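This is upload.pdb. It holds PDB, C-alpha atoms.
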MODEL        1
ATOM      1  CA  MET A   9      -3.162  98.843  33.756
ATOM      2  CA  PRO A  10      -6.053 101.316  33.263
ATOM      3  CA  PRO A  11      -6.949 102.337  29.730
ATOM      4  CA  ARG A  12      -5.354 105.515  28.434
ATOM      5  CA  SER A  13      -7.297 108.381  26.951
ATOM      6  CA  ARG A  14      -6.333 111.617  25.280
ATOM      7  CA  SER A  15      -8.061 114.290  23.247
ATOM      8  CA  SER A  16      -7.071 115.207  19.712
ATOM      9  CA  ALA A  17      -8.752 118.621  19.758
ATOM     10  CA  PRO A  18      -8.117 121.367  19.308
ATOM     11  CA  ALA A  19      -4.325 121.205  19.452
ATOM     12  CA  ALA A  20      -2.357 118.904  17.187
ATOM     13  CA  PRO A  21      -1.593 115.813  19.313
ATOM     14  CA  ARG A  22       1.878 114.430  19.911
ATOM     15  CA  PRO A  23       2.594 111.827  17.197
ATOM     16  CA  PRO A  24       2.427 108.330  18.705
ATOM     17  CA  SER A  25       5.531 106.186  18.976
ATOM     18  CA  PRO A  26       5.668 102.504  17.953
ATOM     19  CA  ALA A  27       5.431 101.556  21.644
ATOM     20  CA  ASP A  28       2.161 103.510  21.883
ATOM     21  CA  VAL A  29       0.419 101.491  19.177
ATOM     22  CA  LEU A  30       2.024  98.070  18.686
ATOM     23  CA  GLY A  31       0.588  95.409  20.931
ATOM     24  CA  ARG A  32      -2.209  97.801  21.809
ATOM     25  CA  VAL A  33      -5.615  98.940  20.546
ATOM     26  CA  THR A  34      -6.164 102.565  19.545
ATOM     27  CA  LEU A  35      -9.818 103.531  19.947
ATOM     28  CA  VAL A  36     -10.707 106.635  17.904
ATOM     29  CA  THR A  37     -14.009 108.256  18.837
ATOM     30  CA  GLY A  38     -15.845 111.410  17.785
ATOM     31  CA  LYS A  39     -17.576 113.147  14.903
ATOM     32  CA  GLU A  40     -14.627 115.208  13.630
ATOM     33  CA  GLU A  41     -13.679 113.115  10.610
ATOM     34  CA  TYR A  42     -10.495 115.060   9.905
ATOM     35  CA  LEU A  43      -9.158 114.601  13.439
ATOM     36  CA  ASN A  44     -10.123 110.928  13.385
ATOM     37  CA  GLU A  45      -8.248 110.386  10.142
ATOM     38  CA  ARG A  46      -5.220 112.252  11.437
ATOM     39  CA  THR A  47      -5.046 109.811  14.338
ATOM     40  CA  VAL A  48      -5.228 106.860  11.936
ATOM     41  CA  VAL A  49      -2.450 108.349   9.817
ATOM     42  CA  GLY A  50      -0.350 108.858  12.955
ATOM     43  CA  VAL A  51      -0.702 105.211  13.958
ATOM     44  CA  ARG A  52       0.278 104.069  10.484
ATOM     45  CA  ALA A  53       3.325 106.330  10.539
ATOM     46  CA  ALA A  54       4.406 104.899  13.902
ATOM     47  CA  VAL A  55       4.090 101.352  12.580
ATOM     48  CA  ARG A  56       6.045 102.241   9.448
ATOM     49  CA  GLN A  57       8.726 103.840  11.615
ATOM     50  CA  HIS A  58       9.102 100.554  13.463
ATOM     51  CA  ASP A  59       9.051  98.384  10.333
ATOM     52  CA  ALA A  60       9.254  99.827   6.840
ATOM     53  CA  GLU A  61       7.957  96.518   5.455
ATOM     54  CA  ALA A  62       4.893  96.405   7.702
ATOM     55  CA  GLU A  63       1.590  95.420   6.117
ATOM     56  CA  PHE A  64      -1.586  97.491   6.328
ATOM     57  CA  SER A  65      -5.203  96.455   5.987
ATOM     58  CA  GLU A  66      -8.678  97.878   6.594
ATOM     59  CA  ALA A  67     -12.145  96.489   7.215
ATOM     60  CA  ALA A  68     -15.646  97.792   7.841
ATOM     61  CA  ALA A  69     -16.878  96.831  11.300
ATOM     62  CA  GLY A  70     -20.235  95.760   9.899
ATOM     63  CA  GLU A  71     -18.489  92.949   8.014
ATOM     64  CA  LEU A  72     -16.071  92.004  10.794
ATOM     65  CA  THR A  73     -15.943  88.509  12.205
ATOM     66  CA  MET A  74     -13.233  87.086  14.409
ATOM     67  CA  ALA A  75     -12.130  84.977  11.460
ATOM     68  CA  THR A  76     -11.549  88.049   9.275
ATOM     69  CA  LEU A  77      -9.851  89.922  12.128
ATOM     70  CA  GLY A  78      -7.605  86.942  12.696
ATOM     71  CA  GLU A  79      -6.661  86.820   9.032
ATOM     72  CA  MET A  80      -5.806  90.525   8.963
ATOM     73  CA  ALA A  81      -3.773  90.383  12.166
ATOM     74  CA  ALA A  82      -1.890  87.183  11.354
ATOM     75  CA  PRO A  83       1.754  87.509  10.220
ATOM     76  CA  SER A  84       2.480  86.908   6.557
ATOM     77  CA  LEU A  85       5.473  85.477   4.735
ATOM     78  CA  PHE A  86       6.750  89.013   4.143
ATOM     79  CA  SER A  87       6.244  90.759   7.469
ATOM     80  CA  THR A  88       5.166  90.024  11.038
ATOM     81  CA  THR A  89       4.240  93.645  11.741
ATOM     82  CA  ARG A  90       0.685  94.630  10.861
ATOM     83  CA  CYS A  91      -1.572  97.658  11.164
ATOM     84  CA  VAL A  92      -5.281  96.895  11.029
ATOM     85  CA  VAL A  93      -7.894  99.663  10.835
ATOM     86  CA  VAL A  94     -11.538  98.834  11.535
ATOM     87  CA  ARG A  95     -13.892 101.661  10.581
ATOM     88  CA  ALA A  96     -17.485 102.446  11.618
ATOM     89  CA  LEU A  97     -17.199 100.492  14.862
ATOM     90  CA  GLU A  98     -20.781 101.509  15.640
ATOM     91  CA  ASN A  99     -21.881  98.903  13.060
ATOM     92  CA  LEU A 100     -20.061  95.988  14.687
ATOM     93  CA  PRO A 101     -22.362  92.915  14.790
ATOM     94  CA  GLU A 102     -23.413  91.957  18.300
ATOM     95  CA  ASP A 103     -22.019  88.444  17.913
ATOM     96  CA  SER A 104     -18.548  89.880  17.189
ATOM     97  CA  VAL A 105     -18.315  92.058  20.302
ATOM     98  CA  ALA A 106     -17.150  89.349  22.686
ATOM     99  CA  GLY A 107     -14.441  88.165  20.302
ATOM    100  CA  LEU A 108     -13.164  91.701  19.748
ATOM    101  CA  LEU A 109     -13.000  92.282  23.503
ATOM    102  CA  ASP A 110     -11.074  89.036  23.933
ATOM    103  CA  TYR A 111      -8.561  90.162  21.316
ATOM    104  CA  ALA A 112      -8.279  93.645  22.871
ATOM    105  CA  THR A 113      -7.478  92.089  26.228
ATOM    106  CA  ALA A 114      -4.431  90.295  24.787
ATOM    107  CA  PRO A 115      -3.489  91.910  21.443
ATOM    108  CA  ALA A 116      -0.687  90.510  19.304
ATOM    109  CA  GLU A 117       2.626  92.221  20.063
ATOM    110  CA  ASP A 118       3.406  93.085  16.451
ATOM    111  CA  VAL A 119      -0.069  94.334  15.543
ATOM    112  CA  ALA A 120      -1.493  97.846  15.865
ATOM    113  CA  LEU A 121      -5.283  97.629  15.860
ATOM    114  CA  VAL A 122      -7.206 100.878  15.270
ATOM    115  CA  LEU A 123     -10.947 100.985  15.943
ATOM    116  CA  VAL A 124     -12.765 104.047  14.578
ATOM    117  CA  HIS A 125     -16.165 105.009  15.989
ATOM    118  CA  GLY A 126     -17.907 107.868  14.183
ATOM    119  CA  GLY A 127     -19.741 109.285  17.202
ATOM    120  CA  GLY A 128     -23.388 109.087  18.140
ATOM    121  CA  GLN A 129     -25.228 106.716  20.455
ATOM    122  CA  LYS A 130     -25.026 103.587  18.345
ATOM    123  CA  GLY A 131     -22.437 101.162  19.651
ATOM    124  CA  THR A 132     -21.802 103.017  22.916
ATOM    125  CA  GLY A 133     -22.152  99.781  24.860
ATOM    126  CA  THR A 134     -19.169  98.356  23.000
ATOM    127  CA  LEU A 135     -17.222 101.572  23.637
ATOM    128  CA  ALA A 136     -17.920 101.350  27.365
ATOM    129  CA  LYS A 137     -16.548  97.815  27.475
ATOM    130  CA  LEU A 138     -13.453  98.667  25.450
ATOM    131  CA  ARG A 139     -12.681 101.645  27.704
ATOM    132  CA  LYS A 140     -12.308  99.263  30.636
ATOM    133  CA  VAL A 141      -9.565  97.277  28.882
ATOM    134  CA  GLY A 142      -6.041  98.228  29.939
ATOM    135  CA  THR A 143      -4.503  97.786  26.488
ATOM    136  CA  VAL A 144      -6.903 100.286  24.888
ATOM    137  CA  THR A 145      -5.901 103.921  24.303
ATOM    138  CA  GLU A 146      -8.803 106.188  23.401
ATOM    139  CA  VAL A 147      -8.257 109.291  21.270
ATOM    140  CA  LYS A 148     -11.301 111.569  21.362
ATOM    141  CA  SER A 149     -11.995 114.047  18.572
ATOM    142  CA  ALA A 150     -14.613 116.354  20.010
ATOM    143  CA  GLU A 151     -16.437 118.653  17.614
ATOM    144  CA  LEU A 152     -14.850 122.077  17.689
ATOM    145  CA  LYS A 153     -16.951 125.102  18.515
ATOM    146  CA  ALA A 154     -16.599 128.225  16.398
ATOM    147  CA  HIS A 155     -14.578 130.066  19.046
ATOM    148  CA  GLU A 156     -12.083 127.166  19.194
ATOM    149  CA  LEU A 157     -11.186 127.315  15.505
ATOM    150  CA  PRO A 158      -8.596 130.143  15.781
ATOM    151  CA  ARG A 159      -6.836 128.122  18.493
ATOM    152  CA  PHE A 160      -6.901 125.105  16.184
ATOM    153  CA  VAL A 161      -5.285 127.231  13.453
ATOM    154  CA  ALA A 162      -2.619 128.433  15.875
ATOM    155  CA  SER A 163      -1.821 124.848  16.902
ATOM    156  CA  GLU A 164      -1.562 123.771  13.275
ATOM    157  CA  VAL A 165       0.820 126.645  12.554
ATOM    158  CA  ARG A 166       2.967 125.726  15.571
ATOM    159  CA  ALA A 167       3.018 122.071  14.551
ATOM    160  CA  ALA A 168       4.311 123.155  11.126
ATOM    161  CA  GLY A 169       7.093 125.179  12.753
ATOM    162  CA  GLY A 170       5.612 128.671  12.512
ATOM    163  CA  SER A 171       3.788 131.243  14.624
ATOM    164  CA  ILE A 172       0.693 133.359  13.972
ATOM    165  CA  ASP A 173      -0.955 136.381  15.548
ATOM    166  CA  GLU A 174      -4.251 135.782  17.337
ATOM    167  CA  GLU A 175      -6.098 138.201  15.086
ATOM    168  CA  ALA A 176      -4.550 136.634  11.980
ATOM    169  CA  ALA A 177      -5.798 133.203  13.061
ATOM    170  CA  GLU A 178      -9.313 134.625  13.419
ATOM    171  CA  VAL A 179      -9.113 136.268   9.996
ATOM    172  CA  LEU A 180      -7.979 132.986   8.445
ATOM    173  CA  VAL A 181     -10.997 131.197   9.938
ATOM    174  CA  GLN A 182     -13.295 133.877   8.556
ATOM    175  CA  ALA A 183     -11.676 133.514   5.145
ATOM    176  CA  VAL A 184     -11.500 129.738   4.858
ATOM    177  CA  GLY A 185     -14.515 128.627   6.891
ATOM    178  CA  ASN A 186     -15.055 125.892   9.476
ATOM    179  CA  ASP A 187     -13.701 122.884   7.581
ATOM    180  CA  LEU A 188     -10.718 121.595   9.581
ATOM    181  CA  ARG A 189      -9.015 120.004   6.599
ATOM    182  CA  SER A 190      -9.092 123.305   4.704
ATOM    183  CA  LEU A 191      -7.882 125.251   7.735
ATOM    184  CA  ALA A 192      -4.989 122.851   8.295
ATOM    185  CA  ALA A 193      -3.988 123.075   4.630
ATOM    186  CA  ALA A 194      -4.153 126.882   4.737
ATOM    187  CA  ALA A 195      -2.017 126.982   7.883
ATOM    188  CA  ASP A 196       0.561 124.698   6.305
ATOM    189  CA  GLN A 197       0.649 126.839   3.159
ATOM    190  CA  LEU A 198       1.216 130.039   5.132
ATOM    191  CA  VAL A 199       4.052 128.532   7.180
ATOM    192  CA  SER A 200       5.669 127.187   4.034
ATOM    193  CA  ASP A 201       5.472 130.497   2.187
ATOM    194  CA  PHE A 202       6.456 132.738   5.121
ATOM    195  CA  THR A 203       9.247 130.665   6.633
ATOM    196  CA  GLY A 204      10.839 132.313   9.640
ATOM    197  CA  ARG A 205       8.238 135.089   9.829
ATOM    198  CA  ARG A 206       5.429 135.477  12.299
ATOM    199  CA  ILE A 207       2.177 135.360  10.332
ATOM    200  CA  GLY A 208      -0.025 138.419  10.732
ATOM    201  CA  THR A 209      -3.167 139.716   9.097
ATOM    202  CA  ALA A 210      -1.120 141.121   6.192
ATOM    203  CA  GLU A 211       0.230 137.670   5.312
ATOM    204  CA  VAL A 212      -3.227 136.082   5.617
ATOM    205  CA  GLY A 213      -4.740 138.876   3.552
ATOM    206  CA  ARG A 214      -2.191 138.408   0.779
ATOM    207  CA  TYR A 215      -3.453 134.874   0.130
ATOM    208  CA  PHE A 216      -6.978 134.889   1.469
ATOM    209  CA  GLY A 217      -8.024 138.545   1.591
ATOM    210  CA  GLY A 218     -10.523 138.347  -1.257
ATOM    211  CA  ARG A 219     -12.217 135.418   0.382
ATOM    212  CA  ALA A 220     -12.134 137.025   3.825
ATOM    213  CA  GLU A 221     -14.008 140.104   2.589
ATOM    214  CA  ALA A 222     -16.827 137.946   1.256
ATOM    215  CA  THR A 223     -17.334 135.788   4.329
ATOM    216  CA  SER A 224     -20.466 135.583   6.384
ATOM    217  CA  PHE A 225     -18.662 137.254   9.286
ATOM    218  CA  ALA A 226     -17.942 140.312   7.159
ATOM    219  CA  VAL A 227     -21.625 140.540   6.237
ATOM    220  CA  ALA A 228     -22.628 140.352   9.900
ATOM    221  CA  ASP A 229     -20.022 142.891  11.017
ATOM    222  CA  HIS A 230     -21.160 145.476   8.483
ATOM    223  CA  ALA A 231     -24.815 144.914   9.366
ATOM    224  CA  PHE A 232     -24.249 145.307  13.123
ATOM    225  CA  PHE A 233     -22.291 148.493  12.404
ATOM    226  CA  GLY A 234     -25.343 149.764  10.518
ATOM    227  CA  ARG A 235     -23.565 149.808   7.146
ATOM    228  CA  ARG A 236     -26.588 148.723   5.126
ATOM    229  CA  ALA A 237     -25.203 149.146   1.593
ATOM    230  CA  ARG A 238     -21.841 147.555   2.376
ATOM    231  CA  ALA A 239     -23.482 144.598   4.130
ATOM    232  CA  LEU A 240     -25.788 143.961   1.162
ATOM    233  CA  GLU A 241     -22.848 144.156  -1.231
ATOM    234  CA  GLU A 242     -20.866 141.638   0.832
ATOM    235  CA  LEU A 243     -23.915 139.364   1.128
ATOM    236  CA  ARG A 244     -24.436 139.220  -2.627
ATOM    237  CA  TRP A 245     -20.743 138.559  -3.162
ATOM    238  CA  ALA A 246     -20.760 135.819  -0.525
ATOM    239  CA  LEU A 247     -23.779 134.073  -2.055
ATOM    240  CA  ASP A 248     -22.359 134.404  -5.564
ATOM    241  CA  THR A 249     -19.121 132.728  -4.450
ATOM    242  CA  GLY A 250     -20.920 129.788  -2.848
ATOM    243  CA  THR A 251     -21.115 130.737   0.839
ATOM    244  CA  ALA A 252     -23.859 128.625   2.424
ATOM    245  CA  ALA A 253     -26.854 130.548   3.739
ATOM    246  CA  VAL A 254     -26.692 128.751   7.093
ATOM    247  CA  LEU A 255     -23.162 130.076   7.582
ATOM    248  CA  VAL A 256     -24.473 133.615   7.151
ATOM    249  CA  THR A 257     -27.195 133.187   9.774
ATOM    250  CA  SER A 258     -24.685 131.418  12.021
ATOM    251  CA  ALA A 259     -22.346 134.417  11.774
ATOM    252  CA  PHE A 260     -25.210 136.775  12.608
ATOM    253  CA  ALA A 261     -26.155 134.628  15.607
ATOM    254  CA  SER A 262     -22.542 134.626  16.825
ATOM    255  CA  SER A 263     -22.300 138.402  16.441
ATOM    256  CA  ALA A 264     -25.599 138.959  18.263
ATOM    257  CA  ARG A 265     -24.568 136.722  21.166
ATOM    258  CA  GLY A 266     -21.165 138.363  21.461
ATOM    259  CA  LEU A 267     -22.637 141.837  21.390
ATOM    260  CA  ALA A 268     -25.310 140.946  23.965
ATOM    261  CA  ARG A 269     -22.691 139.485  26.321
ATOM    262  CA  PHE A 270     -20.487 142.525  25.874
ATOM    263  CA  VAL A 271     -23.283 144.995  26.591
ATOM    264  CA  SER A 272     -24.373 143.087  29.719
ATOM    265  CA  ALA A 273     -20.853 142.434  31.070
ATOM    266  CA  PRO A 274     -19.852 144.174  34.333
ATOM    267  CA  ARG A 275     -18.040 147.452  33.825
ATOM    268  CA  GLY A 276     -14.431 147.952  34.879
ATOM    269  CA  MET A 277     -13.200 144.454  34.024
ATOM    270  CA  ARG A 278      -9.692 143.905  32.728
ATOM    271  CA  GLU A 279      -9.431 143.210  28.998
ATOM    272  CA  ALA A 280      -8.444 139.550  29.462
ATOM    273  CA  ASP A 281     -11.236 138.934  31.979
ATOM    274  CA  LEU A 282     -13.760 140.727  29.777
ATOM    275  CA  ALA A 283     -12.740 138.622  26.763
ATOM    276  CA  ARG A 284     -13.311 135.447  28.795
ATOM    277  CA  GLU A 285     -16.663 136.763  30.039
ATOM    278  CA  VAL A 286     -17.835 137.560  26.520
ATOM    279  CA  GLY A 287     -16.272 134.441  24.963
ATOM    280  CA  VAL A 288     -14.210 136.172  22.259
ATOM    281  CA  PRO A 289     -10.486 136.730  21.655
ATOM    282  CA  PRO A 290      -9.191 139.996  23.189
ATOM    283  CA  TRP A 291      -8.723 141.729  19.838
ATOM    284  CA  LYS A 292     -12.424 141.198  19.030
ATOM    285  CA  LEU A 293     -13.355 143.443  21.955
ATOM    286  CA  ARG A 294     -12.398 146.479  19.878
ATOM    287  CA  THR A 295     -15.026 145.597  17.283
ATOM    288  CA  LEU A 296     -17.686 144.878  19.911
ATOM    289  CA  ARG A 297     -16.917 148.101  21.762
ATOM    290  CA  ASP A 298     -17.384 150.137  18.586
ATOM    291  CA  GLN A 299     -20.542 148.269  17.591
ATOM    292  CA  SER A 300     -22.118 148.498  21.032
ATOM    293  CA  ARG A 301     -22.376 152.301  20.885
ATOM    294  CA  GLY A 302     -25.460 151.974  18.692
ATOM    295  CA  TRP A 303     -27.221 149.147  20.509
ATOM    296  CA  ASP A 304     -29.455 148.875  23.561
ATOM    297  CA  ASP A 305     -31.114 145.869  25.203
ATOM    298  CA  GLN A 306     -34.406 146.227  23.321
ATOM    299  CA  ALA A 307     -32.691 146.468  19.920
ATOM    300  CA  LEU A 308     -30.549 143.430  20.715
ATOM    301  CA  ARG A 309     -33.616 141.388  21.648
ATOM    302  CA  GLU A 310     -35.227 142.304  18.334
ATOM    303  CA  ALA A 311     -31.988 141.453  16.513
ATOM    304  CA  ILE A 312     -31.845 137.998  18.104
ATOM    305  CA  ARG A 313     -35.465 137.352  17.071
ATOM    306  CA  ALA A 314     -34.695 138.475  13.509
ATOM    307  CA  VAL A 315     -31.682 136.134  13.333
ATOM    308  CA  ALA A 316     -33.741 133.195  14.635
ATOM    309  CA  ARG A 317     -36.455 133.872  12.044
ATOM    310  CA  ALA A 318     -33.962 134.061   9.168
ATOM    311  CA  ASP A 319     -32.173 130.933  10.355
ATOM    312  CA  SER A 320     -35.459 129.034  10.367
ATOM    313  CA  GLU A 321     -36.325 130.288   6.886
ATOM    314  CA  VAL A 322     -32.988 129.353   5.271
ATOM    315  CA  LYS A 323     -33.310 125.878   6.791
ATOM    316  CA  GLY A 324     -36.596 125.249   5.023
ATOM    317  CA  ALA A 325     -39.303 127.383   6.607
ATOM    318  CA  GLY A 326     -39.029 130.080   3.929
ATOM    319  CA  GLY A 327     -39.197 130.009   0.172
ATOM    320  CA  ASP A 328     -36.531 132.489  -0.966
ATOM    321  CA  VAL A 329     -33.215 132.196   0.850
ATOM    322  CA  ALA A 330     -31.667 135.310  -0.701
ATOM    323  CA  TYR A 331     -34.723 137.388   0.225
ATOM    324  CA  SER A 332     -34.615 136.131   3.834
ATOM    325  CA  LEU A 333     -30.940 137.048   4.158
ATOM    326  CA  GLU A 334     -31.389 140.483   2.581
ATOM    327  CA  ARG A 335     -34.281 141.197   4.942
ATOM    328  CA  LEU A 336     -32.073 140.105   7.852
ATOM    329  CA  VAL A 337     -29.324 142.506   6.777
ATOM    330  CA  LEU A 338     -31.753 145.391   6.428
ATOM    331  CA  THR A 339     -33.395 144.627   9.763
ATOM    332  CA  ILE A 340     -30.130 144.437  11.720
ATOM    333  CA  ALA A 341     -28.631 147.507  10.069
ATOM    334  CA  GLY A 342     -31.839 149.440  10.740
ATOM    335  CA  LEU A 343     -31.919 148.505  14.422
ATOM    336  CA  ARG A 344     -28.522 150.003  15.184
ATOM    337  CA  GLY A 345     -28.907 153.473  16.612
ATOM    338  CA  ARG A 346     -32.671 153.418  16.176
TER     339      ARG A 346
ENDMDL
END

For the file at hand, write its structure as structure tokens.
Amino acid sequence: MPPRSRSSAPAAPRPPSPADVLGRVTLVTGKEEYLNERTVVGVRAAVRQHDAEAEFSEAAAGELTMATLGEMAAPSLFSTTRCVVVRALENLPEDSVAGLLDYATAPAEDVALVLVHGGGQKGTGTLAKLRKVGTVTEVKSAELKAHELPRFVASEVRAAGGSIDEEAAEVLVQAVGNDLRSLAAAADQLVSDFTGRRIGTAEVGRYFGGRAEATSFAVADHAFFGRRARALEELRWALDTGTAAVLVTSAFASSARGLARFVSAPRGMREADLAREVGVPPWKLRTLRDQSRGWDDQALREAIRAVARADSEVKGAGGDVAYSLERLVLTIAGLRGR
């Protein structure tokens, strides 16, 4: 039987059943810690569903020997069902690889073994060997790009039994940020508090509006609209409330790229096709269309250079982060309609 593989991003995966995990090895790979942990929790829940008295244990791969794995997987006096989680598989000692592969080839029927690899190149040889084993199911947690986060929010809302407007999902991302754990918690809170109602921007604004107005995206939007005073006000508020400088430059870079793609896109395209061409949700086209009226190719090139300079400075090339960001705001706002 060939090994199974599925992705845990961006949509919430189907919870595994006991048959999916017992007598098998679940290989969790990727850098998204929250998605990795959600897979581990899902395996544990499946084991508990099968046997409420099941025993659970964990180990660090760097300390794993076949003797310790055998002890953790062996039945006890209280339960024969076990769930064993081995973390940081990339640190597995070379002399333990062969033994782990032998176990993976014929895992104990009442044991769910979970191997968690944190991403990166270290240990990829072991991953390649495990992927060839028929009893191994790989769950990949790819890092989410910024444009995928609203879809992640929507999937979290659906998984919690609710529904959310596309624009509301985008606003929630702007308000909460890129941390998946925080986004999932916010989605769950909204579904819980607005049971039976489709979540729109009004519902998001009621809980997260103050935060949304102070986000890096709001700063960038005002600047690209040429609203110098409003952008500076939002920037100072964002920095005062702890918004990281790199998130501000990231928002400016995203806005510049979106605007450049919009301006250079072929004319006469349908809204859905244009949104795909530009790489933004359809509702965002309204903002880009309004912003684009004050921008030409030369101004956009200068804007992209200004964003790159500020990004370099806030990452260590400059001395005063606040000054670099204020200069960026003034530069971008001044370029519009020049």

Any chance you could resolve the PyMOL selection byres ((chain A and resi 38) around 6) against this file and give the residues as a PDB file with C-alpha atoms, in the coordinates of the input?
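New file result.pdb:
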ATOM      1  CA  THR A  37     -14.009 108.256  18.837  1.00  0.00           C
ATOM      2  CA  LYS A  39     -17.576 113.147  14.903  1.00  0.00           C
ATOM      3  CA  GLU A  40     -14.627 115.208  13.630  1.00  0.00           C
ATOM      4  CA  GLY A 126     -17.907 107.868  14.183  1.00  0.00           C
ATOM      5  CA  GLY A 127     -19.741 109.285  17.202  1.00  0.00           C
ATOM      6  CA  LYS A 148     -11.301 111.569  21.362  1.00  0.00           C
ATOM      7  CA  SER A 149     -11.995 114.047  18.572  1.00  0.00           C
ATOM      8  CA  ALA A 150     -14.613 116.354  20.010  1.00  0.00           C
TER       9      ALA A 150
END

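The shortest atom-to-atom distance to Glu174 (chain A), with all atoms listed in the file taken into account, belongs to A:Lys292 out of A:Lys292, A:Arg297, A:Arg189, A:His125.
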
Choose the residue, out of A:Gly133, A:Gly342, A:Gly142, A:Gly107, that has the smallest atom-to-atom separation from Thr34 (chain A); count all atoms listed in the file. A:Gly142

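Non-sequential neighbours of Ala136 (chain A) (distance at most 12 Å, separation of 2 or more positions within a chain, only C-alpha atoms) are A:Pro11, A:Leu35, A:Thr37, A:Val105, A:Leu109, A:Gln129, A:Lys130, A:Gly131, A:Thr132, A:Gly133, A:Thr134, A:Leu138, A:Arg139, A:Lys140, A:Val141, A:Val144, A:Glu146.
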
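Note that CA of Ala341 (chain A) and CA of Arg235 (chain A) are 6.3 Å apart.
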
Exactly which residues make up the result of the PyMOL selection byres ((chain A and resi 330) around 12) on this file, given as a list of chain:residue names?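 So the PyMOL selection byres ((chain A and resi 330) around 12) ends up selecting A:Leu240, A:Leu243, A:Arg244, A:Trp245, A:Ala246, A:Leu247, A:Asp248, A:Thr251, A:Ala252, A:Ala253, A:Val254, A:Val256, A:Thr257, A:Ala318, A:Asp319, A:Glu321, A:Val322, A:Gly326, A:Gly327, A:Asp328, A:Val329, A:Tyr331, A:Ser332, A:Leu333, A:Glu334, A:Arg335, A:Leu336, A:Val337.
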
Please determine, counting all atoms listed in the file, which residue among A:Ile207, A:Leu267, A:Val184, A:Ala53 has the shortest atom-to-atom distance to Ile172 (chain A). A:Ile207

For CA of Met74 (chain A) and CA of Ser104 (chain A), the interatomic separation in Å (one decimal):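 Computing the Euclidean distance for CA of Met74 (chain A) and CA of Ser104 (chain A) yields 6.6 Å.
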
Using only C-alpha atoms, find the one residue out of A:Ala192, A:Ala259, A:Ala167, A:Val271 that sits nearest to Asp298 (chain A).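 Closest candidate: A:Val271.
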
Nearest candidate to Val93 (chain A) (options A:Ala194, A:Ala283, A:Leu121, A:Ala226; using all atoms listed in the file):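 Residue with the minimum atom-to-atom distance to Val93 (chain A): A:Leu121.
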
Point out the residue among A:Asp305, A:Glu242, A:Glu98, A:Glu79 with the least atom-to-atom distance to Leu343 (chain A), counting only C-alpha atoms.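 Nearest to Leu343 (chain A): A:Asp305.
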
Which residues fall under the PyMOL selection byres ((chain A and resi 48) around 9) in this file, as an MDAnalysis selection string? chainID A and resid 34 36 43:47 49:53 93 122 124

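The interatomic distance for the pair CA of Thr203 (chain A) and CA of Ser171 (chain A) works out to 9.7 Å.
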
Please identify all polymer residues within 9 Å of Pro290 (chain A), counting all atoms listed in the file, omitting same-chain residues fewer than 5 positions from it, and present them as number ranges by chain. A: 174-175, 279-280, 282-284

Hey, can I get the axis-aligned box for region 283-300 of chain A? All listed atoms, 6 Å padding on each side, centre and edge lengths in Å to one decimal, as AutoDock Vina command-line options.
--center_x -15.4 --center_y 142.3 --center_z 23.7 --size_x 25.4 --size_y 27.7 --size_z 24.8

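Applying the 9 Å criterion to (-13.8, 133.2, 10.4) in file coordinates and using only C-alpha atoms, one obtains the residues Ala154, Leu157, Pro158, Ala177, Glu178, Val179, Leu180, Val181, Gln182, Ala183, Val184, Gly185, Asn186, Ala220, Thr223, Ser224, Phe225, Ala226 and Ala259 of chain A.
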